[in-house]
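Take a look at the structure set out below.
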Amino acid sequence: MALERLKAVAAHNELGAGMQLAMKDLEIRGAGNLLGGEQSGHIQGVGFDLYIRLVGEAVADFRGEAEEKAAEMKIELPVNAHLPHDYVPGERLRLEAYRKLAAALTNESIEEVQAELVDRYGELPLPARNLVEVARFRVAAREAGLSDVALQGNFIKFSPASLPESKTMRLNRMYPGSQTKPALDAILIPKPKTARIGGRDLQDAEILEWANGVIRNIFSDAPLAVS
């Protein structure tokens with residue numbers, strides 16, 4: 001892969017070739033999880049800065065000298081979350097919007113990005129609203145100490161997750177069928193459905209609301225509200 005990236009840099013070395021490099025880099029390395037670390041790495045910028053970064057990374061990979069990276073945040077849930085082409089026109093504008101959302105580490109900064117999108121392009125369509133909610137969920141997951149929330153077969157994996165006995169009991173009571181995986185530093189919770197028998201899988205805003213509930217119920221230190 002490193003050799004392919006070097007070839008791409010060599011093939012797109014003219015002035016203003018940043019966009020071609022960005023798209024080629026996406027093609028080679030894959031899009032990754034939306035708004036995750038891999039994705040934000042791809043769209044760090046375009047132009048000369050991107051050119052220098054790609055050269056440095058490709059050469060380091062080719063020599064086996066890649067630097068150790070910080071822990072990534074991976075969110076892979078069944079959510080239709082993206083910026084439609086007819087909402088944000090042009091690849092460059094969409095990449096920039098994705099970059100800003102990926103770099104937003106607080107709800108306040110996400111609000112600023114959302115306000116800018118509304119101001120420039122109008123009210124957010126549903127997939128864009130889902131994208132903003134994914135960004136909010138990333139903030140909540142990070143604050144809870146999670147770095148990986150992903151669909152895994154018939155389960156949703158939350159990791160890292162080393163729970164005390166009291167929270168393990170709460171997990172089993174609130175989410176029957178859950179599994180603790182100490183070797184993986186993870187817990188697996190059955191994929192949520194609208195009903196236990198004959199229900200459909202939750203998706204989009206529904207599964208984000210459910211996942212936020214898991215964080216509040218299992219990973220948060222705040223006491224649960226008494227109903």
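Labels for the structure tokens follow display order: chains A, B, ..., residues from 1 in each chain, ligands from 1.
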
What are the closest atom pairs, with distances in Å to one decimal, for each residue of region 92-154 of chain A lying within 8 Å of region 208-223 of chain A, using only C-alpha atoms, rows by chain and rising residue number, as JSON lines?
{"residue": "A:Glu133", "atom": "CA", "partner": "A:Leu208", "partner_atom": "CA", "distance": 7.6}
{"residue": "A:Val134", "atom": "CA", "partner": "A:Leu208", "partner_atom": "CA", "distance": 7.3}
{"residue": "A:Phe137", "atom": "CA", "partner": "A:Asn212", "partner_atom": "CA", "distance": 6.8}
{"residue": "A:Ala140", "atom": "CA", "partner": "A:Asn212", "partner_atom": "CA", "distance": 7.5}
{"residue": "A:Ala141", "atom": "CA", "partner": "A:Ile215", "partner_atom": "CA", "distance": 7.1}
{"residue": "A:Ala144", "atom": "CA", "partner": "A:Phe219", "partner_atom": "CA", "distance": 5.9}

DSSP-assigned strand (DSSP E or B) members of region 45-223 of chain A, reported as JSON, numbers by chain:
{"A": [74, 75, 76, 148, 149, 150, 151, 152, 155, 156, 157, 158, 159, 179, 180, 181, 186, 187, 188, 189, 190, 193, 201]}

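Minimum atom-to-atom distances from A:Leu101, A:Leu171, A:Leu95, A:Leu77 to Phe155 (chain A) were compared using only C-alpha atoms, and the lowest value belongs to A:Leu77.
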
What's the 8 Å shell around region 81-87 of chain A, counting only C-alpha atoms, without same-chain residues fewer than 6 positions away, as number ranges by chain?
A: 34, 94, 121, 124-125, 127-131, 134, 204

Generate a file of the selected residues that holds N, CA and C atoms, formatted as a PDB file, in the first residue's frame.
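The resulting file, again.pdb, is reproduced below:
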ATOM      1  N   LEU A  34     -17.181   6.401   9.150  1.00  0.00           N
ATOM      2  CA  LEU A  34     -17.498   7.815   8.978  1.00  0.00           C
ATOM      3  C   LEU A  34     -17.277   8.570  10.273  1.00  0.00           C
ATOM      4  N   ARG A  94     -17.663  19.268   0.569  1.00  0.00           N
ATOM      5  CA  ARG A  94     -18.078  18.156   1.445  1.00  0.00           C
ATOM      6  C   ARG A  94     -16.918  17.657   2.285  1.00  0.00           C
ATOM      7  N   TYR A 121     -26.086  26.328   3.621  1.00  0.00           N
ATOM      8  CA  TYR A 121     -26.797  25.431   2.714  1.00  0.00           C
ATOM      9  C   TYR A 121     -28.275  25.239   3.062  1.00  0.00           C
ATOM     10  N   LEU A 124     -30.727  21.117   7.532  1.00  0.00           N
ATOM     11  CA  LEU A 124     -30.075  19.840   7.271  1.00  0.00           C
ATOM     12  C   LEU A 124     -31.100  18.785   6.860  1.00  0.00           C
ATOM     13  N   PRO A 125     -30.841  18.056   5.771  1.00  0.00           N
ATOM     14  CA  PRO A 125     -31.682  16.899   5.444  1.00  0.00           C
ATOM     15  C   PRO A 125     -31.401  15.780   6.440  1.00  0.00           C
ATOM     16  N   PRO A 127     -30.127  12.644   6.377  1.00  0.00           N
ATOM     17  CA  PRO A 127     -28.796  12.029   6.498  1.00  0.00           C
ATOM     18  C   PRO A 127     -27.769  12.958   7.146  1.00  0.00           C
ATOM     19  N   ALA A 128     -27.873  14.257   6.891  1.00  0.00           N
ATOM     20  CA  ALA A 128     -26.947  15.207   7.506  1.00  0.00           C
ATOM     21  C   ALA A 128     -27.239  15.362   8.993  1.00  0.00           C
ATOM     22  N   ARG A 129     -28.519  15.343   9.377  1.00  0.00           N
ATOM     23  CA  ARG A 129     -28.855  15.384  10.801  1.00  0.00           C
ATOM     24  C   ARG A 129     -28.307  14.154  11.506  1.00  0.00           C
ATOM     25  N   ASN A 130     -28.421  12.993  10.856  1.00  0.00           N
ATOM     26  CA  ASN A 130     -27.852  11.773  11.427  1.00  0.00           C
ATOM     27  C   ASN A 130     -26.343  11.909  11.606  1.00  0.00           C
ATOM     28  N   LEU A 131     -25.688  12.545  10.647  1.00  0.00           N
ATOM     29  CA  LEU A 131     -24.246  12.736  10.721  1.00  0.00           C
ATOM     30  C   LEU A 131     -23.867  13.573  11.942  1.00  0.00           C
ATOM     31  N   VAL A 134     -24.222  11.450  15.006  1.00  0.00           N
ATOM     32  CA  VAL A 134     -23.085  10.540  15.150  1.00  0.00           C
ATOM     33  C   VAL A 134     -21.915  11.283  15.803  1.00  0.00           C
ATOM     34  N   ASP A 204     -30.430   4.204  12.375  1.00  0.00           N
ATOM     35  CA  ASP A 204     -30.438   5.665  12.306  1.00  0.00           C
ATOM     36  C   ASP A 204     -30.624   6.274  13.704  1.00  0.00           C
TER      37      ASP A 204
END

Which residue out of A:Ile187, A:Ala205, A:Ala135, A:Leu151 has the minimum interatomic distance to Asn80 (chain A) when only C-alpha atoms are used?
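Smallest distance to Asn80 (chain A) is found for A:Ala205.
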
Restricting the calculation to only C-alpha atoms: of A:Arg200, A:Ile75, A:Pro89, A:Gly177, which residue gets closest to Phe158 (chain A)?
A:Ile75
